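Chemist: I am sharing structure.cif, which consists of mmCIF, C-alpha atoms and all ligand atoms:
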```cif
data_coords
#
loop_
_atom_site.label_atom_id
_atom_site.label_comp_id
_atom_site.auth_asym_id
_atom_site.auth_seq_id
_atom_site.Cartn_x
_atom_site.Cartn_y
_atom_site.Cartn_z
CA MET A 778 -1.18 -30.82 -30.34
CA ASN A 779 1.16 -28.21 -28.69
CA ILE A 780 -0.96 -25.13 -28.39
CA ILE A 781 -0.15 -21.79 -26.86
CA VAL A 782 -2.47 -18.83 -26.40
CA GLN A 783 -1.15 -15.28 -26.52
CA LYS A 784 -3.28 -12.31 -25.44
CA PHE A 785 -2.49 -8.79 -26.59
CA GLY A 786 -3.97 -5.84 -24.67
CA GLY A 787 -5.19 -2.49 -25.95
CA THR A 788 -1.85 -0.66 -26.05
CA SER A 789 -0.16 -3.66 -27.70
CA VAL A 790 -2.40 -3.34 -30.77
CA ALA A 791 -2.83 0.46 -30.72
CA SER A 792 -0.35 1.46 -33.45
CA GLN A 793 1.10 -0.05 -36.62
CA GLU A 794 4.52 -0.10 -34.93
CA ASN A 795 3.16 -2.06 -31.95
CA ARG A 796 1.12 -4.40 -34.15
CA GLU A 797 4.32 -5.32 -35.97
CA LYS A 798 5.83 -6.22 -32.60
CA VAL A 799 2.73 -8.30 -31.87
CA MET A 800 3.08 -10.03 -35.22
CA ASN A 801 6.70 -10.91 -34.43
CA LYS A 802 5.72 -12.41 -31.05
CA ILE A 803 3.12 -14.57 -32.79
CA ILE A 804 5.45 -15.61 -35.62
CA LYS A 805 8.20 -16.54 -33.16
CA GLN A 806 5.93 -19.07 -31.43
CA TYR A 807 4.44 -20.30 -34.70
CA GLU A 808 7.89 -20.81 -36.24
CA SER A 809 9.06 -22.73 -33.20
CA GLY A 810 6.35 -25.29 -33.86
CA TYR A 811 3.44 -24.16 -31.69
CA ASN A 812 -0.15 -24.05 -32.83
CA THR A 813 -0.83 -20.45 -32.02
CA VAL A 814 -4.00 -18.69 -30.94
CA ALA A 815 -3.87 -14.91 -30.39
CA VAL A 816 -6.63 -13.19 -28.43
CA VAL A 817 -6.85 -9.43 -28.92
CA SER A 818 -8.34 -6.43 -27.17
CA ALA A 819 -9.73 -3.32 -28.86
CA MET A 820 -7.06 -0.91 -30.11
CA GLY A 821 -5.79 1.69 -27.62
CA ARG A 822 -7.38 3.47 -24.70
CA MET A 823 -10.00 6.23 -24.25
CA GLY A 824 -9.68 8.88 -26.96
CA GLU A 825 -8.23 6.55 -29.56
CA PRO A 826 -10.75 5.95 -32.35
CA TYR A 827 -11.66 2.27 -31.86
CA ALA A 828 -11.00 1.83 -28.12
CA THR A 829 -13.87 0.40 -26.04
CA ASP A 830 -14.35 3.65 -24.10
CA THR A 831 -14.44 5.63 -27.35
CA LEU A 832 -17.15 3.34 -28.75
CA LEU A 833 -19.11 3.79 -25.53
CA SER A 834 -18.75 7.56 -25.76
CA LEU A 835 -20.69 7.44 -29.06
CA VAL A 836 -23.85 6.93 -27.04
CA GLY A 837 -22.69 9.08 -24.12
CA ASN A 838 -25.46 9.44 -21.53
CA GLN A 839 -28.23 8.31 -23.90
CA LYS A 840 -30.23 5.32 -22.74
CA ILE A 841 -29.23 2.17 -24.59
CA HIS A 842 -30.43 -1.42 -24.20
CA LEU A 843 -27.75 -3.54 -22.56
CA ARG A 844 -27.96 -6.04 -25.43
CA GLU A 845 -27.18 -3.34 -27.99
CA LYS A 846 -24.51 -1.80 -25.75
CA ASP A 847 -22.68 -5.15 -25.77
CA LEU A 848 -22.98 -5.34 -29.54
CA LEU A 849 -21.46 -1.86 -29.80
CA MET A 850 -18.59 -2.68 -27.40
CA SER A 851 -17.83 -5.95 -29.19
CA CYS A 852 -16.95 -4.05 -32.40
CA GLY A 853 -13.61 -2.78 -31.01
CA GLU A 854 -12.15 -6.28 -30.73
CA VAL A 855 -13.48 -7.23 -34.18
CA ILE A 856 -11.69 -4.27 -35.80
CA SER A 857 -8.46 -5.02 -33.97
CA ALA A 858 -8.53 -8.75 -34.88
CA VAL A 859 -9.14 -8.09 -38.58
CA ILE A 860 -6.30 -5.55 -38.81
CA LEU A 861 -3.86 -7.90 -37.08
CA SER A 862 -4.93 -10.89 -39.17
CA ASN A 863 -4.47 -8.88 -42.33
CA LEU A 864 -0.97 -7.89 -41.24
CA LEU A 865 -0.08 -11.56 -40.73
CA ASN A 866 -1.63 -12.61 -44.05
CA SER A 867 0.19 -9.90 -45.97
CA ASN A 868 3.48 -11.11 -44.45
CA GLY A 869 2.86 -14.65 -45.65
CA TYR A 870 1.37 -16.14 -42.46
CA GLU A 871 -2.09 -17.53 -43.07
CA SER A 872 -4.46 -16.50 -40.31
CA ILE A 873 -8.20 -16.48 -39.65
CA VAL A 874 -10.34 -14.31 -37.35
CA LEU A 875 -12.97 -15.89 -35.15
CA THR A 876 -15.28 -13.78 -33.01
CA GLY A 877 -15.90 -14.98 -29.45
CA HIS A 878 -19.13 -16.54 -30.72
CA GLN A 879 -17.42 -18.30 -33.65
CA ALA A 880 -14.68 -19.45 -31.28
CA GLY A 881 -17.39 -21.24 -29.28
CA ILE A 882 -17.67 -19.06 -26.16
CA ILE A 883 -21.23 -19.54 -24.90
CA THR A 884 -22.45 -17.30 -22.07
CA ASP A 885 -25.58 -16.47 -20.11
CA ASP A 886 -27.54 -13.33 -21.05
CA ASN A 887 -26.19 -11.09 -18.30
CA PHE A 888 -25.21 -8.41 -20.81
CA GLY A 889 -22.19 -6.33 -19.75
CA SER A 890 -20.85 -8.97 -17.39
CA ALA A 891 -21.85 -12.29 -18.92
CA LYS A 892 -20.85 -15.57 -17.32
CA VAL A 893 -19.22 -18.13 -19.60
CA LEU A 894 -21.19 -21.38 -19.54
CA LYS A 895 -19.04 -23.40 -21.90
CA VAL A 896 -16.41 -23.18 -24.61
CA ASN A 897 -16.67 -25.35 -27.75
CA PRO A 898 -13.32 -24.84 -29.46
CA HIS A 899 -13.95 -27.05 -32.52
CA ARG A 900 -13.66 -24.19 -35.03
CA ILE A 901 -10.37 -23.06 -33.47
CA LEU A 902 -9.04 -26.63 -33.68
CA GLU A 903 -10.24 -26.99 -37.27
CA SER A 904 -8.25 -23.90 -38.32
CA LEU A 905 -5.18 -24.89 -36.29
CA ASN A 906 -5.27 -28.28 -38.02
CA GLN A 907 -5.18 -26.44 -41.34
CA GLY A 908 -1.96 -24.77 -40.19
CA LYS A 909 -3.54 -21.36 -39.66
CA ILE A 910 -2.84 -18.86 -36.91
CA VAL A 911 -6.15 -18.18 -35.17
CA ILE A 912 -6.99 -14.66 -34.01
CA VAL A 913 -9.89 -14.52 -31.56
CA THR A 914 -11.69 -11.33 -30.51
CA GLY A 915 -11.33 -11.01 -26.73
CA PHE A 916 -13.92 -9.82 -24.21
CA GLN A 917 -16.95 -11.41 -25.86
CA GLY A 918 -19.08 -14.47 -26.36
CA ALA A 919 -22.70 -15.13 -27.26
CA THR A 920 -25.78 -16.64 -25.68
CA GLU A 921 -27.20 -19.97 -26.90
CA ASP A 922 -29.53 -17.82 -29.05
CA GLY A 923 -26.59 -16.06 -30.69
CA ASP A 924 -26.91 -12.67 -28.95
CA ILE A 925 -23.47 -11.12 -28.54
CA THR A 926 -22.42 -10.58 -24.91
CA THR A 927 -19.38 -9.04 -23.22
CA LEU A 928 -17.54 -10.49 -20.23
CA GLY A 929 -16.93 -7.34 -18.15
CA ARG A 930 -14.29 -4.64 -18.61
CA GLY A 931 -10.79 -6.00 -19.00
CA GLY A 932 -12.37 -9.33 -20.05
CA SER A 933 -9.97 -10.24 -22.88
CA ASP A 934 -7.65 -11.79 -20.28
CA THR A 935 -10.55 -14.05 -19.30
CA SER A 936 -11.21 -14.99 -22.95
CA ALA A 937 -7.57 -15.98 -23.41
CA VAL A 938 -7.42 -18.22 -20.35
CA LEU A 939 -10.80 -19.83 -21.10
CA ILE A 940 -9.68 -20.66 -24.62
CA GLY A 941 -6.36 -21.95 -23.28
CA GLU A 942 -8.28 -24.17 -20.85
CA ALA A 943 -10.60 -25.53 -23.55
CA LEU A 944 -7.63 -26.28 -25.82
CA ASN A 945 -5.54 -27.81 -23.04
CA CYS A 946 -2.77 -25.40 -24.00
CA GLU A 947 0.80 -25.50 -22.68
CA TYR A 948 0.61 -21.97 -21.27
CA VAL A 949 -1.00 -18.57 -21.80
CA GLU A 950 1.06 -15.43 -22.42
CA ILE A 951 -0.56 -12.12 -21.50
CA TYR A 952 1.17 -9.27 -23.33
CA THR A 953 0.73 -5.75 -22.00
CA ASP A 954 2.59 -2.43 -21.65
CA VAL A 955 4.67 -3.24 -18.53
CA ASP A 956 7.44 -5.82 -18.01
CA GLY A 957 5.33 -8.13 -15.85
CA ILE A 958 3.51 -8.02 -12.53
CA MET A 959 5.22 -5.45 -10.39
CA THR A 960 5.49 -4.87 -6.67
CA ALA A 961 3.18 -1.83 -7.12
CA ASP A 962 1.59 0.18 -9.92
CA PRO A 963 4.66 1.75 -11.60
CA ARG A 964 2.62 4.83 -12.49
CA ILE A 965 2.52 5.67 -8.76
CA VAL A 966 5.57 3.95 -7.30
CA PRO A 967 8.61 4.64 -9.49
CA GLU A 968 10.69 2.13 -7.48
CA ALA A 969 8.30 -0.73 -8.36
CA ARG A 970 10.08 -3.86 -9.52
CA VAL A 971 9.00 -6.80 -11.69
CA LEU A 972 8.26 -10.02 -9.80
CA GLU A 973 9.71 -13.05 -11.59
CA ASN A 974 7.48 -15.65 -9.95
CA MET A 975 4.08 -15.41 -8.32
CA CYS A 976 1.40 -17.86 -7.22
CA TYR A 977 -2.25 -17.74 -8.34
CA LEU A 978 -3.37 -16.82 -4.84
CA GLU A 979 -1.34 -13.63 -4.66
CA VAL A 980 -2.03 -12.55 -8.23
CA HIS A 981 -5.75 -13.15 -7.77
CA GLN A 982 -5.75 -11.04 -4.63
CA LEU A 983 -3.72 -8.32 -6.34
CA ALA A 984 -6.10 -8.26 -9.33
CA GLU A 985 -9.21 -8.38 -7.15
CA GLU A 986 -7.92 -5.47 -5.07
CA GLY A 987 -7.34 -3.12 -7.98
CA ALA A 988 -4.15 -3.94 -9.94
CA LYS A 989 -5.34 -3.73 -13.52
CA VAL A 990 -2.54 -5.77 -14.99
CA ILE A 991 -4.66 -8.95 -15.18
CA HIS A 992 -8.37 -9.65 -14.67
CA PRO A 993 -9.18 -11.64 -11.49
CA LYS A 994 -11.50 -14.01 -13.39
CA ALA A 995 -8.65 -14.98 -15.69
CA VAL A 996 -6.52 -15.91 -12.68
CA GLU A 997 -9.39 -17.94 -11.17
CA ILE A 998 -9.72 -20.01 -14.34
CA ALA A 999 -5.95 -20.50 -14.61
CA LYS A 1000 -5.88 -21.66 -10.99
CA ARG A 1001 -8.70 -24.18 -11.40
CA SER A 1002 -6.96 -25.82 -14.38
CA ARG A 1003 -3.39 -25.08 -13.26
CA ILE A 1004 -2.62 -23.23 -16.46
CA LYS A 1005 0.74 -21.52 -16.36
CA LEU A 1006 0.41 -17.78 -17.08
CA ILE A 1007 3.25 -15.55 -18.22
CA ILE A 1008 2.79 -11.76 -18.13
CA LYS A 1009 5.08 -9.99 -20.60
CA ASN A 1010 5.72 -6.69 -22.33
CA THR A 1011 4.88 -6.53 -26.06
CA LEU A 1012 7.46 -3.82 -26.58
CA ASN A 1013 10.56 -5.71 -25.38
CA GLU A 1014 12.03 -9.15 -24.71
CA CYS A 1015 11.87 -9.18 -20.87
CA ALA A 1016 11.28 -12.55 -19.21
CA GLY A 1017 8.13 -11.26 -17.47
CA THR A 1018 6.28 -12.83 -14.53
CA ILE A 1019 5.51 -16.53 -14.39
CA ILE A 1020 2.38 -17.44 -12.42
CA LYS A 1021 1.85 -20.97 -11.14
CA ASP A 1022 0.47 -22.77 -8.12
CA LYS A 1023 2.32 -21.96 -4.88
CA ASN A 1024 3.06 -25.64 -4.27
CA ASP A 1025 4.75 -25.82 -7.66
CA TRP A 1026 6.94 -22.89 -6.63
CA ILE A 1027 7.94 -24.52 -3.40
CA ILE A 1028 9.04 -27.58 -5.37
CA ASP A 1029 10.74 -25.36 -7.95
CA ASN A 1030 12.44 -23.30 -5.20
CA ASP A 1031 10.52 -20.09 -4.53
CA THR A 1032 12.83 -17.22 -5.39
CA ASN A 1033 10.78 -14.55 -3.65
CA GLN A 1034 11.84 -14.71 -0.01
CA LYS A 1035 9.90 -11.65 1.12
CA LEU A 1036 6.88 -11.64 3.41
CA ILE A 1037 5.10 -9.06 1.31
CA SER A 1038 5.00 -9.52 -2.46
CA ALA A 1039 3.10 -6.46 -3.66
CA ILE A 1040 0.83 -3.59 -2.70
CA THR A 1041 -2.14 -2.19 -4.54
CA TYR A 1042 -5.04 0.23 -4.12
CA LYS A 1043 -8.71 0.79 -4.83
CA LYS A 1044 -9.93 4.36 -5.15
CA ASN A 1045 -13.41 5.83 -4.73
CA ARG A 1046 -14.21 4.10 -1.45
CA THR A 1047 -16.47 5.64 1.20
CA GLN A 1048 -16.46 4.76 4.89
CA VAL A 1049 -19.77 4.43 6.74
CA VAL A 1050 -19.91 4.13 10.54
CA VAL A 1051 -23.36 3.51 12.08
CA ASP A 1052 -23.73 4.16 15.81
CA ASN A 1053 -27.17 3.15 17.02
CA CYS A 1054 -27.29 -0.43 15.77
CA ASP A 1055 -28.53 -3.27 17.95
CA ASN A 1056 -28.99 -6.83 16.66
CA ASN A 1057 -32.50 -6.15 15.35
CA ASN A 1058 -31.90 -3.01 13.41
CA THR A 1059 -28.53 -4.26 12.13
CA GLU A 1060 -30.31 -7.17 10.47
CA LYS A 1061 -32.88 -4.78 8.97
CA LEU A 1062 -30.16 -2.44 7.74
CA LEU A 1063 -28.20 -5.24 6.09
CA SER A 1064 -31.32 -6.59 4.35
CA LEU A 1065 -32.14 -3.16 2.91
CA ILE A 1066 -28.55 -2.74 1.75
CA ALA A 1067 -28.64 -6.15 0.07
CA GLU A 1068 -32.01 -5.37 -1.60
CA ASP A 1069 -30.43 -2.25 -3.09
CA ASN A 1070 -27.59 -4.41 -4.41
CA ILE A 1071 -24.95 -2.43 -2.53
CA SER A 1072 -21.78 -4.35 -1.93
CA LEU A 1073 -20.07 -3.86 1.46
CA ASP A 1074 -16.39 -4.19 2.09
CA LEU A 1075 -14.04 -3.94 5.10
CA ILE A 1076 -16.86 -4.92 7.44
CA ASN A 1077 -15.96 -4.31 11.13
CA PHE A 1078 -18.84 -4.85 13.56
CA PHE A 1079 -18.72 -4.04 17.29
CA VAL A 1080 -21.59 -4.18 19.81
CA ASP A 1081 -22.17 -0.42 19.69
CA LYS A 1082 -20.81 0.42 16.20
CA LYS A 1083 -20.91 -1.01 12.70
CA ALA A 1084 -18.27 0.14 10.22
CA PHE A 1085 -17.99 -0.77 6.52
CA THR A 1086 -17.04 0.73 3.19
CA ILE A 1087 -19.00 1.13 -0.06
CA ASP A 1088 -18.27 2.37 -3.56
CA GLU A 1089 -18.80 6.13 -3.82
CA ASN A 1090 -21.50 5.57 -6.49
CA ASP A 1091 -23.68 4.01 -3.78
CA ILE A 1092 -23.56 6.97 -1.35
CA GLU A 1093 -27.01 8.34 -2.26
CA HIS A 1094 -28.65 4.93 -1.77
CA ILE A 1095 -27.01 4.31 1.59
CA VAL A 1096 -27.88 7.80 2.89
CA ASN A 1097 -31.54 7.21 1.96
CA ILE A 1098 -31.58 3.87 3.78
CA LEU A 1099 -29.87 5.30 6.88
CA ASP A 1100 -32.09 8.41 7.03
CA ASP A 1101 -35.31 6.41 6.53
CA GLY A 1102 -34.29 4.04 9.33
CA LYS A 1103 -33.34 6.98 11.61
CA TYR A 1104 -29.83 5.65 12.14
CA THR A 1105 -27.07 7.86 13.55
CA TYR A 1106 -24.10 7.61 11.28
CA ASN A 1107 -20.94 9.21 9.98
CA ILE A 1108 -19.73 9.14 6.38
CA VAL A 1109 -16.10 9.72 5.34
CA HIS A 1110 -15.82 10.54 1.63
CA ASP A 1111 -12.76 10.20 -0.67
CA CYS A 1112 -11.16 7.13 0.83
CA CYS A 1113 -8.82 4.61 -0.69
CA LYS A 1114 -8.28 0.98 0.25
CA ILE A 1115 -4.64 -0.12 0.32
CA SER A 1116 -3.95 -3.87 0.12
CA ILE A 1117 -0.64 -5.29 1.34
CA ILE A 1118 -0.34 -8.79 -0.13
CA GLY A 1119 1.86 -11.81 0.58
CA TYR A 1120 0.90 -15.44 1.12
CA LYS A 1121 3.68 -15.81 3.68
CA ILE A 1122 2.24 -13.31 6.20
CA ARG A 1123 0.01 -15.94 7.82
CA GLY A 1124 0.86 -16.19 11.54
CA ILE A 1125 3.84 -13.84 11.29
CA PRO A 1126 3.76 -11.22 14.05
CA GLY A 1127 4.77 -7.60 13.53
CA VAL A 1128 3.52 -6.87 9.99
CA MET A 1129 0.72 -4.61 11.19
CA ALA A 1130 3.08 -2.94 13.66
CA SER A 1131 5.45 -2.07 10.79
CA ILE A 1132 2.59 -0.60 8.76
CA VAL A 1133 1.30 1.54 11.63
CA LYS A 1134 4.80 2.75 12.53
CA ALA A 1135 5.69 3.68 8.95
CA LEU A 1136 2.43 5.51 8.25
CA SER A 1137 2.12 7.32 11.56
CA LYS A 1138 5.68 8.64 11.21
CA GLU A 1139 4.51 10.37 8.02
CA GLY A 1140 1.23 11.63 9.53
CA ILE A 1141 -1.03 9.27 7.53
CA ASP A 1142 -4.17 8.26 9.43
CA ILE A 1143 -5.47 4.70 9.13
CA LEU A 1144 -9.28 4.90 9.21
CA GLN A 1145 -9.96 1.17 9.35
CA THR A 1146 -8.15 -2.14 8.85
CA SER A 1147 -8.86 -5.77 8.20
CA ASP A 1148 -6.82 -8.82 7.33
CA SER A 1149 -6.89 -12.30 5.86
CA TYR A 1150 -4.20 -14.97 5.56
CA THR A 1151 -2.74 -13.33 2.45
CA THR A 1152 -3.59 -9.65 2.84
CA ILE A 1153 -3.72 -6.68 5.21
CA TRP A 1154 -6.09 -3.90 4.20
CA CYS A 1155 -5.87 -0.29 5.37
CA LEU A 1156 -8.40 2.41 4.60
CA ILE A 1157 -6.87 5.86 4.26
CA LYS A 1158 -7.85 9.24 2.80
CA SER A 1159 -7.34 9.38 -0.99
CA LYS A 1160 -5.13 12.45 -0.67
CA ASP A 1161 -2.57 10.24 1.14
CA MET A 1162 -2.66 7.40 -1.41
CA ASP A 1163 0.51 8.03 -3.46
CA LYS A 1164 2.57 8.82 -0.37
CA CYS A 1165 1.23 5.78 1.47
CA LEU A 1166 2.03 3.37 -1.37
CA ASN A 1167 5.57 4.72 -1.67
CA ILE A 1168 6.17 4.56 2.10
CA LEU A 1169 4.92 0.97 2.41
CA HIS A 1170 6.88 -0.07 -0.67
CA LYS A 1171 10.01 1.22 1.04
CA GLU A 1172 9.09 -0.15 4.49
CA PHE A 1173 8.84 -3.71 3.13
CA ASN A 1174 11.90 -3.33 0.87
CA LEU A 1175 9.86 -4.22 -2.18
CA GLY A 1176 12.06 -2.27 -4.57
CA ILE A 1177 15.20 -4.27 -3.78
P1 LIG B 1201 -3.91 -4.11 -21.25
O1 LIG B 1201 -4.58 -3.07 -22.08
O2 LIG B 1201 -2.67 -4.65 -21.85
O3 LIG B 1201 -4.86 -5.18 -20.79
P2 LIG B 1201 -4.10 -2.80 -18.65
O4 LIG B 1201 -4.15 -1.31 -18.70
O5 LIG B 1201 -5.40 -3.52 -18.42
O6 LIG B 1201 -3.37 -3.34 -19.97
O7 LIG B 1201 -3.07 -3.27 -17.52
C1 LIG B 1201 -1.73 -2.82 -17.55
C2 LIG B 1201 -1.54 -1.68 -16.56
O8 LIG B 1201 -1.75 -2.16 -15.23
C3 LIG B 1201 -0.13 -1.13 -16.52
O9 LIG B 1201 0.04 -0.11 -17.49
C4 LIG B 1201 0.04 -0.63 -15.09
O10 LIG B 1201 -0.01 0.78 -14.98
C5 LIG B 1201 -1.17 -1.19 -14.35
N1 LIG B 1201 -0.80 -1.83 -13.09
C6 LIG B 1201 -1.42 -1.62 -11.90
N2 LIG B 1201 -0.85 -2.33 -10.93
C7 LIG B 1201 0.16 -3.04 -11.50
C8 LIG B 1201 1.11 -3.97 -11.00
N3 LIG B 1201 1.16 -4.35 -9.72
N4 LIG B 1201 2.00 -4.49 -11.88
C9 LIG B 1201 1.98 -4.14 -13.18
N5 LIG B 1201 1.09 -3.25 -13.71
C10 LIG B 1201 0.20 -2.71 -12.88
N1 LIG B 1202 -11.56 -3.84 -24.64
C1 LIG B 1202 -12.14 -4.30 -23.40
C2 LIG B 1202 -11.99 -3.22 -22.33
O1 LIG B 1202 -11.41 -2.18 -22.57
C3 LIG B 1202 -11.59 -5.60 -22.95
C4 LIG B 1202 -10.09 -5.65 -22.66
O2 LIG B 1202 -9.33 -4.78 -23.07
O3 LIG B 1202 -9.68 -6.61 -22.01
O4 LIG B 1202 -12.48 -3.41 -21.24
MG MG B 1203 -6.31 -5.31 -19.21
#
```
What's the structure tokens form of this structure?
Ligand code: ADP
Ligand code: ASP
Ligand code: MG
Modeler:
Amino acid sequence: MNIIVQKFGGTSVASQENREKVMNKIIKQYESGYNTVAVVSAMGRMGEPYATDTLLSLVGNQKIHLREKDLLMSCGEVISAVILSNLLNSNGYESIVLTGHQAGIITDDNFGSAKVLKVNPHRILESLNQGKIVIVTGFQGATEDGDITTLGRGGSDTSAVLIGEALNCEYVEIYTDVDGIMTADPRIVPEARVLENMCYLEVHQLAEEGAKVIHPKAVEIAKRSRIKLIIKNTLNECAGTIIKDKNDWIIDNDTNQKLISAITYKKNRTQVVVDNCDNNNTEKLLSLIAEDNISLDLINFFVDKKAFTIDENDIEHIVNILDDGKYTYNIVHDCCKISIIGYKIRGIPGVMASIVKALSKEGIDILQTSDSYTTIWCLIKSKDMDKCLNILHKEFNLGI
């Protein structure tokens, strides 16, 4: 069976006008002979009536059980799927809605960020065999006991790729409000350009480091099963970004010759530098941090100094731990982590030198750095973020 999965994000299904565009994208694939599964997000963003954040705002700061919170959040996708299905049906295309649970997505009971244990797609296949278009509610599954769970914010991308994997689909299209994966967030870098081809490695890194355009878990699943992903804009006919394995690109002739593919950012980071840390009290400090479930990033340890970053929500916890242990430390608030990504930077000298030169010329201080074989990270003050992204974008000629 030739199956394709199409995922439509919040803005794609937010208005009647956009939903008609979505319908046309689905019909086009259906008419060309594909068995078509569409996975949808809740309609719109914060402030719009049925968006996930709006549903959450109904309980505001009230305490709510995580199980019931997931049930509440799952409603947004249900509403969106029913409206889209009805649009297709009223235009003569028979469709059926399946919730994540009905579509066979079984998860653990970690409400709010549930892990998918298995996908049993028999009901999807049954409906496809009847010639129907199947609309699945993204972002959700259910435990073995039938309790509804959600997969973490932005999780509809994950639903789509999981379903594509279970159905052995030809490819998964992720429709959003930009023309594909870009060299930087176009809301901050006006010169950002769409990348035609990318490999899983780079896209995963980009997503993990803050680019919202696709969820990192979705990329992980696509990578493990080598599912081709295409990121496209619902509102136009652009070719979008094709994501495959890097070895496949090399065979296919990699068209992106640049060292750096894209840059991204993570806000709300805080730098912590601890001074009086020998081996013994470092171990104690790290155990306490782990017990408090605080995740550390950009870890740079020297004999006399330990530097790392945390999310700003964890500041109070870390200050308590450091004060109780009588550590001497310095905290730098309002930081931002910039990630400069490209799988070709491995072993290439001079990349860091270019970054330092470009930023120092503009008076931007680098507070800390780290690197891996695909990425260079720089911690800077948040006030410098927009300028920094634009300077680096220019320095590495990403807009051309
Ligand atoms: P959807 O609701 O369709 O899932 P998201 O808001 O989750 O859409 O993701 C799309 C947004 O991601 C875009 O509007 C864009 O501002 C942002 N974005 C951040 N970094 C990038 C990037 N490198 N390329 C494309 N979009 C990006
Ligand atoms: N509606 C969910 C969210 O806003 C899932 C998604 O859009 O992917 O996080
Ligand atoms: Mg998204």
Chemist: Please, what distance in Å, to one decimal, runs between CA of Glu947 (chain A) and atom O3 of ligand LIG 1201 (chain B)?
Modeler: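 Distance between the two atoms: 21.2 Å.
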Chemist: One decimal, in Å: what's the spacing between CA of Ser1064 (chain A) and CA of Glu1089 (chain A)?
Modeler: 19.6 Å
Chemist: Go through the chains and note each residue within 6 Å of ligand LIG 1201 (chain B), using all atoms listed in the file, then give the set as a list in words.
Modeler: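 Final answer, ordered by chain and number: Gly786, Gly787, Thr788, Gly931, Thr953, Asp954, Val955, Gly957, Ile958, Met959, Thr960, Ala961, Asp962, Pro963, Arg964, Ala988, Lys989 and Val990 of chain A.
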Chemist: Could you state the separation of CA of His878 (chain A) and CA of Tyr827 (chain A) in Å, given to one decimal place?
Modeler: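 Value for the CA of His878 (chain A)-CA of Tyr827 (chain A) distance: 20.3 Å.
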Chemist: Have a look at A:Lys1114, A:Lys892, A:Arg900, A:Lys1134 and name the one nearest to Val814 (chain A); count all atoms listed in the file.
Modeler: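 Ranked by minimum distance to Val814 (chain A), first place goes to A:Arg900.
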Chemist: Nearest to ligand MG 1203 (chain B): which of A:Asp830, A:Asp1142, A:Glu921, A:Asp934 is it, counting all atoms listed in the file?
Modeler: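 Looking only at the distances to ligand MG 1203 (chain B), the closest residue turns out to be A:Asp934.
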